[in-house]
$ cat protein26.cif   # mmCIF, C-alpha atoms
data_coords
#
loop_
_atom_site.label_atom_id
_atom_site.label_comp_id
_atom_site.auth_asym_id
_atom_site.auth_seq_id
_atom_site.Cartn_x
_atom_site.Cartn_y
_atom_site.Cartn_z
CA MET A 28 0.00 0.00 0.00
CA HIS A 29 1.38 3.36 -1.00
CA ALA A 30 0.50 6.88 0.06
CA THR A 31 0.86 9.71 -2.44
CA SER A 32 1.24 13.45 -2.02
CA GLY A 33 2.94 16.44 -3.59
CA ARG A 34 6.29 15.09 -2.39
CA GLY A 35 5.83 11.74 -4.16
CA ALA A 36 4.89 8.19 -3.10
CA TYR A 37 5.59 6.91 0.42
CA ARG A 38 5.48 3.30 1.57
CA ALA A 39 3.09 2.63 4.45
CA GLY A 40 4.70 0.77 7.34
CA HIS A 41 8.19 1.89 6.46
CA PRO A 42 9.62 4.17 9.22
CA VAL A 43 11.13 6.70 6.84
CA GLY A 44 8.21 6.49 4.45
CA GLU A 45 5.67 7.22 7.19
CA ALA A 46 7.80 10.09 8.48
CA GLU A 47 8.01 11.59 4.99
CA GLY A 48 4.26 11.27 4.58
CA THR A 49 3.66 12.97 7.92
CA ALA A 50 6.10 15.75 6.99
CA ALA A 51 4.26 16.31 3.70
CA ARG A 52 0.94 16.78 5.54
CA GLN A 53 2.25 19.40 8.01
CA GLU A 54 0.59 22.79 7.78
CA LYS A 55 3.69 24.65 8.95
CA PRO A 56 6.54 24.81 6.40
CA LEU A 57 9.08 23.20 8.71
CA GLY A 58 6.76 21.23 10.97
CA VAL A 59 5.82 21.57 14.63
CA PRO A 60 8.71 21.43 17.11
CA GLY A 61 8.70 18.26 19.18
CA LYS A 62 9.41 17.72 22.85
CA PRO A 63 12.97 18.61 23.91
CA LEU A 64 15.43 15.83 24.60
CA ASP A 65 15.74 14.64 28.16
CA ARG A 66 19.01 16.15 29.26
CA ARG A 67 19.08 14.00 32.36
CA THR A 68 19.79 10.81 30.44
CA PRO A 69 23.27 9.37 31.19
CA PHE A 70 24.22 9.32 27.51
CA LEU A 71 23.37 12.96 26.85
CA THR A 72 24.98 14.06 30.13
CA GLY A 73 28.22 12.29 29.27
CA LEU A 74 28.12 13.62 25.71
CA LEU A 75 27.64 17.20 26.87
CA ALA A 76 30.41 16.84 29.46
CA ALA A 77 32.84 15.43 26.90
CA ALA A 78 31.93 18.15 24.41
CA GLY A 79 32.45 20.80 27.09
CA VAL A 80 35.91 19.47 27.89
CA LEU A 81 36.88 19.37 24.21
CA VAL A 82 35.61 22.89 23.59
CA THR A 83 37.46 24.19 26.65
CA ILE A 84 40.72 22.57 25.51
CA ALA A 85 40.26 23.90 21.97
CA VAL A 86 39.59 27.44 23.23
CA ALA A 87 42.63 27.29 25.53
CA GLU A 88 44.85 26.09 22.68
CA LEU A 89 43.46 28.82 20.43
CA LEU A 90 44.13 31.51 23.02
CA LEU A 91 47.69 30.27 23.57
CA ALA A 92 48.37 30.16 19.84
CA ALA A 93 47.01 33.68 19.34
CA SER A 94 48.40 35.13 22.57
CA ASP A 95 50.78 37.54 20.82
CA VAL A 96 48.04 38.91 18.57
CA LEU A 97 45.58 39.14 21.45
CA LEU A 98 48.17 41.08 23.45
CA LEU A 99 48.54 43.63 20.63
CA ILE A 100 44.75 43.92 20.39
CA GLY A 101 44.54 44.49 24.14
CA ILE A 102 47.22 47.21 24.02
CA ALA A 103 45.44 48.92 21.12
CA PHE A 104 42.10 48.85 22.94
CA PHE A 105 43.77 50.18 26.09
CA LEU A 106 45.18 53.11 24.11
CA ALA A 107 41.81 53.70 22.46
CA VAL A 108 40.13 53.92 25.86
CA GLY A 109 42.76 56.43 26.95
CA LEU A 110 42.24 58.57 23.83
CA GLU A 111 38.45 58.41 23.96
CA PRO A 112 37.91 61.44 26.27
CA VAL A 113 39.83 63.73 23.91
CA THR A 114 38.14 62.26 20.85
CA ALA A 115 34.69 62.62 22.42
CA ARG A 116 35.29 66.32 23.09
CA LEU A 117 36.32 66.90 19.47
CA THR A 118 33.32 64.91 18.23
CA ARG A 119 31.01 67.60 19.63
CA ARG A 120 32.37 69.99 16.97
CA VAL A 121 33.47 67.78 14.07
CA PRO A 122 32.48 64.34 12.73
CA ARG A 123 33.86 61.25 14.49
CA VAL A 124 36.10 60.28 11.59
CA LEU A 125 37.71 63.71 11.47
CA ALA A 126 38.14 63.80 15.26
CA THR A 127 39.85 60.40 15.16
CA ALA A 128 42.18 61.56 12.39
CA VAL A 129 43.08 64.72 14.33
CA VAL A 130 43.82 62.81 17.56
CA VAL A 131 45.89 60.07 15.89
CA VAL A 132 47.81 62.40 13.57
CA THR A 133 48.51 64.84 16.42
CA GLY A 134 49.76 62.04 18.66
CA LEU A 135 52.00 60.62 15.97
CA GLY A 136 53.20 64.12 15.08
CA VAL A 137 54.18 64.93 18.65
CA LEU A 138 55.95 61.57 19.01
CA GLY A 139 57.70 61.94 15.66
CA GLY A 140 58.72 65.52 16.41
CA ALA A 141 60.18 64.52 19.77
CA ILE A 142 62.11 61.68 18.16
CA ALA A 143 63.37 63.93 15.36
CA ALA A 144 64.43 66.66 17.79
CA ALA A 145 66.30 64.19 19.95
CA ALA A 146 67.71 62.08 17.10
CA VAL A 147 70.92 64.07 16.53
CA PRO A 148 71.99 64.48 20.18
CA LEU A 149 70.92 60.90 20.89
CA ALA A 150 73.07 59.65 18.02
CA ASP A 151 76.04 61.73 19.20
CA GLN A 152 75.73 60.55 22.78
CA ALA A 153 75.22 56.94 21.66
CA ALA A 154 78.44 57.19 19.63
CA GLN A 155 80.22 58.64 22.66
CA LEU A 156 78.90 55.78 24.74
CA GLN A 157 80.24 53.29 22.23
CA ASP A 158 83.65 55.00 22.17
CA GLY A 159 83.77 55.03 25.96
CA ALA A 160 82.80 51.37 26.29
CA PRO A 161 86.42 50.13 26.77
CA ARG A 162 86.92 52.55 29.68
CA TYR A 163 83.74 51.32 31.35
CA LEU A 164 84.81 47.72 30.88
CA THR A 165 88.12 48.57 32.55
CA LEU A 166 86.24 50.07 35.49
CA LEU A 167 84.02 46.98 35.70
CA ARG A 168 87.07 44.72 35.89
CA ASP A 169 88.79 46.87 38.52
CA HIS A 170 87.78 45.28 41.83
CA SER A 171 88.90 48.35 43.77
CA THR A 172 86.16 50.54 42.24
CA LEU A 173 82.50 50.61 43.17
CA LEU A 174 81.52 49.49 39.65
CA GLY A 175 83.96 46.59 39.95
CA ARG A 176 82.41 45.44 43.21
CA ALA A 177 78.94 45.80 41.67
CA ASN A 178 80.15 43.68 38.76
CA GLU A 179 81.25 40.95 41.16
CA VAL A 180 77.86 40.90 42.85
CA PHE A 181 75.52 41.31 39.88
CA GLY A 182 77.61 40.01 36.96
CA LEU A 183 77.22 43.19 34.90
CA GLU A 184 79.99 42.40 32.41
CA ALA A 185 78.58 38.96 31.62
CA ALA A 186 75.13 40.45 31.10
CA ILE A 187 76.51 43.11 28.72
CA ARG A 188 78.55 40.60 26.72
CA SER A 189 75.54 38.29 26.38
CA VAL A 190 73.74 40.97 24.35
CA GLU A 191 74.44 40.61 20.63
CA VAL A 192 73.94 43.37 18.05
CA SER A 193 71.96 41.09 15.73
CA ASP A 194 69.57 40.18 18.52
CA VAL A 195 69.09 43.84 19.37
CA ALA A 196 68.39 44.68 15.71
CA ARG A 197 65.83 41.88 15.41
CA SER A 198 64.18 42.96 18.64
CA LEU A 199 63.96 46.58 17.46
CA ALA A 200 62.47 45.47 14.12
CA ALA A 201 59.89 43.34 15.93
CA VAL A 202 59.01 46.21 18.26
CA LEU A 203 58.56 48.60 15.33
CA GLY A 204 56.34 46.10 13.53
CA ASP A 205 54.21 45.58 16.62
CA ALA A 206 54.01 49.35 17.11
CA VAL A 207 52.63 49.81 13.58
CA ILE A 208 50.01 47.12 14.20
CA VAL A 209 49.01 48.70 17.51
CA VAL A 210 48.66 52.15 15.92
CA VAL A 211 46.45 50.80 13.12
CA LEU A 212 44.26 48.82 15.51
CA ALA A 213 44.02 51.72 17.96
CA THR A 214 42.89 54.01 15.13
CA TYR A 215 40.05 51.63 14.24
CA PHE A 216 39.11 51.24 17.90
CA VAL A 217 38.99 55.01 18.44
CA ALA A 218 36.90 55.54 15.30
CA ASP A 219 34.36 52.84 16.23
CA PHE A 220 34.51 53.21 20.02
CA PRO A 221 30.84 54.24 20.50
CA ARG A 222 29.73 51.21 18.49
CA ILE A 223 32.10 48.90 20.38
CA ARG A 224 30.88 50.33 23.69
CA SER A 225 27.25 49.72 22.74
CA ALA A 226 28.01 46.18 21.58
CA LEU A 227 29.72 45.36 24.89
CA TYR A 228 26.80 46.73 26.92
CA ARG A 229 24.31 44.74 24.83
CA LEU A 230 25.83 41.59 26.31
CA ALA A 231 24.38 42.51 29.71
CA PRO A 232 20.76 41.58 30.60
CA ARG A 233 18.28 44.36 29.90
CA SER A 234 17.25 44.72 33.55
CA ARG A 235 20.87 45.26 34.65
CA ARG A 236 22.07 47.21 31.63
CA PRO A 237 21.83 50.73 33.18
CA ARG A 238 24.01 49.76 36.14
CA VAL A 239 26.46 47.94 33.85
CA ILE A 240 26.72 51.11 31.75
CA LEU A 241 27.46 53.26 34.81
CA ILE A 242 30.13 50.85 36.10
CA GLY A 243 31.61 50.33 32.64
CA ASP A 244 31.88 54.05 31.94
CA ALA A 245 33.55 54.52 35.34
CA VAL A 246 36.12 51.85 34.39
CA PHE A 247 36.76 53.56 31.04
CA ARG A 248 37.29 56.90 32.82
CA LYS A 249 39.81 55.31 35.19
CA VAL A 250 41.79 53.81 32.32
CA GLY A 251 41.76 57.07 30.37
CA ALA A 252 42.81 59.16 33.36
CA TYR A 253 45.62 56.75 34.20
CA LEU A 254 46.99 56.61 30.65
CA VAL A 255 47.09 60.38 30.13
CA GLY A 256 48.33 61.08 33.66
CA ASN A 257 51.04 58.43 33.49
CA VAL A 258 52.40 59.84 30.24
CA VAL A 259 52.52 63.37 31.71
CA VAL A 260 54.27 62.14 34.87
CA SER A 261 56.81 60.23 32.78
CA LEU A 262 57.60 63.37 30.77
CA VAL A 263 58.12 65.25 34.03
CA ALA A 264 60.45 62.48 35.23
CA GLY A 265 62.51 62.59 32.06
CA THR A 266 62.77 66.38 32.16
CA ALA A 267 63.81 66.43 35.82
CA ALA A 268 66.38 63.68 35.23
CA PHE A 269 67.87 65.54 32.25
CA ALA A 270 68.17 68.77 34.27
CA TRP A 271 69.90 66.94 37.14
CA LEU A 272 72.31 64.99 34.96
CA TRP A 273 73.18 68.05 32.88
CA ALA A 274 73.79 70.16 35.99
CA PHE A 275 76.24 67.60 37.41
CA ASP A 276 77.91 66.94 34.04
CA VAL A 277 76.94 63.26 34.01
CA PRO A 278 77.70 61.67 30.60
CA TYR A 279 74.89 61.06 28.09
CA PRO A 280 72.21 63.08 29.91
CA LEU A 281 69.69 62.98 27.06
CA VAL A 282 70.00 59.24 26.51
CA LEU A 283 69.57 58.60 30.22
CA ALA A 284 66.65 61.06 30.44
CA VAL A 285 64.82 59.25 27.62
CA LEU A 286 65.51 55.96 29.41
CA VAL A 287 64.08 57.39 32.64
CA ALA A 288 60.95 58.69 30.87
CA VAL A 289 60.27 55.36 29.14
CA LEU A 290 60.90 53.19 32.19
CA ASP A 291 58.84 55.51 34.42
CA LEU A 292 55.76 54.43 32.45
CA VAL A 293 55.99 51.13 34.33
CA PRO A 294 54.73 51.64 37.89
CA VAL A 295 57.09 51.05 40.84
CA ALA A 296 59.69 48.88 39.11
CA GLY A 297 60.29 51.24 36.16
CA SER A 298 61.52 54.20 38.18
CA VAL A 299 63.65 51.92 40.37
CA ALA A 300 65.37 50.38 37.33
CA ALA A 301 65.87 53.81 35.74
CA GLY A 302 67.36 55.21 38.94
CA ALA A 303 69.73 52.26 39.34
CA ALA A 304 70.98 52.47 35.74
CA THR A 305 71.45 56.23 35.90
CA THR A 306 73.25 56.00 39.25
CA LEU A 307 75.74 53.51 37.79
CA VAL A 308 76.61 55.98 35.02
CA ALA A 309 76.84 58.85 37.53
CA LEU A 310 79.34 56.83 39.58
CA THR A 311 81.77 57.09 36.65
CA VAL A 312 81.99 60.82 37.38
CA SER A 313 82.61 60.42 41.10
CA VAL A 314 81.27 58.60 44.11
CA PRO A 315 79.66 61.76 45.59
CA VAL A 316 77.88 62.48 42.29
CA GLY A 317 76.68 58.87 42.14
CA LEU A 318 75.36 58.95 45.70
CA ALA A 319 73.72 62.33 45.09
CA THR A 320 72.05 60.93 41.97
CA LEU A 321 70.79 57.99 43.98
CA GLY A 322 69.36 60.40 46.56
CA PHE A 323 67.77 62.46 43.78
CA PHE A 324 65.88 59.48 42.38
CA ALA A 325 64.78 58.38 45.85
CA ALA A 326 63.46 61.88 46.59
CA TYR A 327 61.81 62.16 43.18
CA ARG A 328 60.09 58.83 43.77
CA LEU A 329 58.46 60.24 46.91
CA VAL A 330 57.46 63.44 45.10
CA GLU A 331 55.96 61.44 42.24
CA ASP A 332 53.96 59.15 44.51
CA TYR A 333 52.65 61.76 46.94
CA VAL A 334 52.49 64.96 44.85
CA LEU A 335 52.52 64.42 41.07
CA LEU A 336 50.32 61.35 40.75
CA PRO A 337 47.59 62.63 43.13
CA LYS A 338 47.58 66.03 41.39
CA ILE A 339 47.78 64.84 37.77
CA VAL A 340 45.92 61.54 37.86
CA GLY A 341 43.69 62.66 40.72
CA ARG A 342 41.23 60.47 42.53
CA ALA A 343 40.13 58.71 39.32
CA VAL A 344 42.70 55.96 39.83
CA ARG A 345 43.26 55.54 43.55
CA VAL A 346 44.69 52.13 44.40
CA PRO A 347 46.22 51.21 47.79
CA ALA A 348 50.01 50.90 47.76
CA LEU A 349 49.96 47.19 48.64
CA VAL A 350 47.47 46.44 45.87
CA THR A 351 49.61 48.42 43.42
CA VAL A 352 52.76 46.42 44.22
CA VAL A 353 50.92 43.09 44.05
CA ALA A 354 49.20 44.05 40.79
CA VAL A 355 52.48 45.13 39.18
CA LEU A 356 54.20 41.90 40.23
CA LEU A 357 51.36 39.77 38.88
CA GLY A 358 51.14 41.79 35.68
CA PHE A 359 54.87 41.48 35.06
CA ALA A 360 54.77 37.73 35.74
CA LEU A 361 51.88 37.24 33.31
CA LEU A 362 52.59 39.68 30.47
CA GLY A 363 56.01 41.19 31.15
CA VAL A 364 56.47 44.95 30.87
CA VAL A 365 53.08 45.42 29.21
CA GLY A 366 51.39 43.62 32.08
CA ALA A 367 53.16 45.82 34.61
CA PHE A 368 52.13 48.94 32.67
CA VAL A 369 48.41 48.09 32.62
CA ALA A 370 48.37 46.54 36.10
CA VAL A 371 47.31 49.67 38.00
CA PRO A 372 44.22 50.60 35.92
CA VAL A 373 43.19 46.95 35.78
CA ALA A 374 43.51 46.74 39.56
CA ALA A 375 41.48 49.94 39.91
CA ALA A 376 38.76 48.49 37.67
CA VAL A 377 38.71 45.22 39.60
CA LEU A 378 38.44 47.08 42.91
CA LEU A 379 35.53 49.11 41.53
CA VAL A 380 33.67 46.01 40.36
CA VAL A 381 34.32 44.19 43.64
CA ARG A 382 33.11 47.16 45.67
CA GLU A 383 30.00 47.85 43.58
CA VAL A 384 28.97 44.29 42.75
CA THR A 385 30.49 41.61 45.00
CA LEU A 386 30.48 43.52 48.29
CA HIS A 387 27.04 44.92 47.53
CA ARG A 388 25.65 41.40 47.13
CA LEU A 389 27.42 40.15 50.26
CA ASP A 390 26.03 43.04 52.31
CA ARG A 391 22.51 42.23 51.12
CA ALA A 392 22.84 38.49 51.80
#
$ encode --input "protein26.cif" --output "structure tokens"
Amino acid sequence: MHATSGRGAYRAGHPVGEAEGTAARQEKPLGVPGKPLDRRTPFLTGLLAAAGVLVTIAVAELLLAASDVLLLIGIAFFLAVGLEPVTARLTRRVPRVLATAVVVVTGLGVLGGAIAAAAVPLADQAAQLQDGAPRYLTLLRDHSTLLGRANEVFGLEAAIRSVEVSDVARSLAAVLGDAVIVVVLATYFVADFPRIRSALYRLAPRSRRPRVILIGDAVFRKVGAYLVGNVVVSLVAGTAAFAWLWAFDVPYPLVLAVLVAVLDLVPVAGSVAAGAATTLVALTVSVPVGLATLGFFAAYRLVEDYVLLPKIVGRAVRVPALVTVVAVLLGFALLGVVGAFVAVPVAAAVLLVVREVTLHRLDRA
């Protein structure tokens, strides 16, 4: 016995044939949904568990494989958040695309101008440093000098000799390539930041979306205030270091000042490393000048922590000292210098979320 329809002939009694006949008689185009599967069955439970484990492993492997790219994306987004307040102000007067172009071009212009202005004296002082390298090696090998004793304790000569020019060139090329990628990504992030912000907030449930927006905007403000304030403080550190080194006739003042400004971007550890390196160079002038330089960096550290940062960064990013040190250590252990650089605003954001969400729920429980 056969059943016929618009779909063709179907054999009665055959499982597939009966199903096809039933499907042909459905009023809805794709049929009526059936009862959901029983998720409590042992087979389905085991299948879902195994699938979950496989997906977790695959995601972890994917994240590890793309860790370098994800790090660049994170840095670019961090910079975009920091540039957003300035871009938003310009957007009130000009279109978003033009405001983004002005901010990015101005930033690159200032950076390029600073590099161009410092290129000639930096090259001269770098050449002087290269010419004076044999004298410094002699001082390192002289156990009667302070540098010689420091060499015995810290192995400075071995560390210097382990650095090869080819490795330095490859590292600089890699850094320049990564910098270009970060600039391009940051430009796109700044241009589309309102859309990205809206997309992130859409992930929150509708009932909680207003509070998520308030907390999220507070986090963005903290990151922006920290980024701008940290750059300003680092410029102050470099300028102060240059003035001190030039006044005491310490060799290579501009090179060391640039080093101080760059390292000061990293909280806590950066200024310590910059002060130690600069003090070692100052010791080549005389022991009193070296000790005075050490005292200068110690005093400047106090001024930066208790005067400059509170005035420039303000209360937007206020993190306890212990939390700052722990965050910097964890950030450096996880992501190196980049992790240490972003550790403070991340810690400030985490503290805000804990205070407004976790503690609020615990107090209501």
$ resolve_selection --input "protein26.cif" --expression "the PyMOL selection byres ((chain A and resi 280) around 10)" --output "ChimeraX atom specification"
/A:148-149,152,265,268-279,281-286,305,308-309
$ atom_distance --input "protein26.cif" --atom1 "CA of Gly366 in chain A" --atom2 "CA of Asp205 in chain A"
15.8 Å
$ atom_distance --input "protein26.cif" --atom1 "CA of Ala115 in chain A" --atom2 "CA of Ala213 in chain A"
15.0 Å
$ atom_distance --input "protein26.cif" --atom1 "CA of Phe220 in chain A" --atom2 "CA of Pro112 in chain A"
10.9 Å
$ resolve_selection --input "protein26.cif" --expression "the PyMOL selection byres ((chain A and resi 209) around 12)" --output "MDAnalysis selection string"
chainID A and resid 95:107 131 202:208 210:217
$ resolve_selection --input "protein26.cif" --expression "the PyMOL selection byres ((chain A and resi 375-389) around 12)" --output "PyMOL selection string"
chain A and resi 235+238-239+241-253+342-348+350-351+354+369-374+390-392
$ closest_residue --input "protein26.cif" --among "A:Gly73, A:Ala226, A:Val255, A:Pro337" --to "Val113 in chain A" --atoms "only C-alpha atoms"
A:Val255
$ axis_aligned_box --input "protein26.cif" --around "range 201-210 of chain A" --padding-each-side "8 Å" --output "JSON"
{"center_x": 54.3, "center_y": 47.7, "center_z": 15.9, "size_x": 27.2, "size_y": 24.8, "size_z": 20.7}
$ closest_residue --input "protein26.cif" --among "A:Thr311, A:Glu88, A:Leu227, A:Leu135" --to "Thr165 in chain A" --atoms "all atoms listed in the file"
A:Thr311
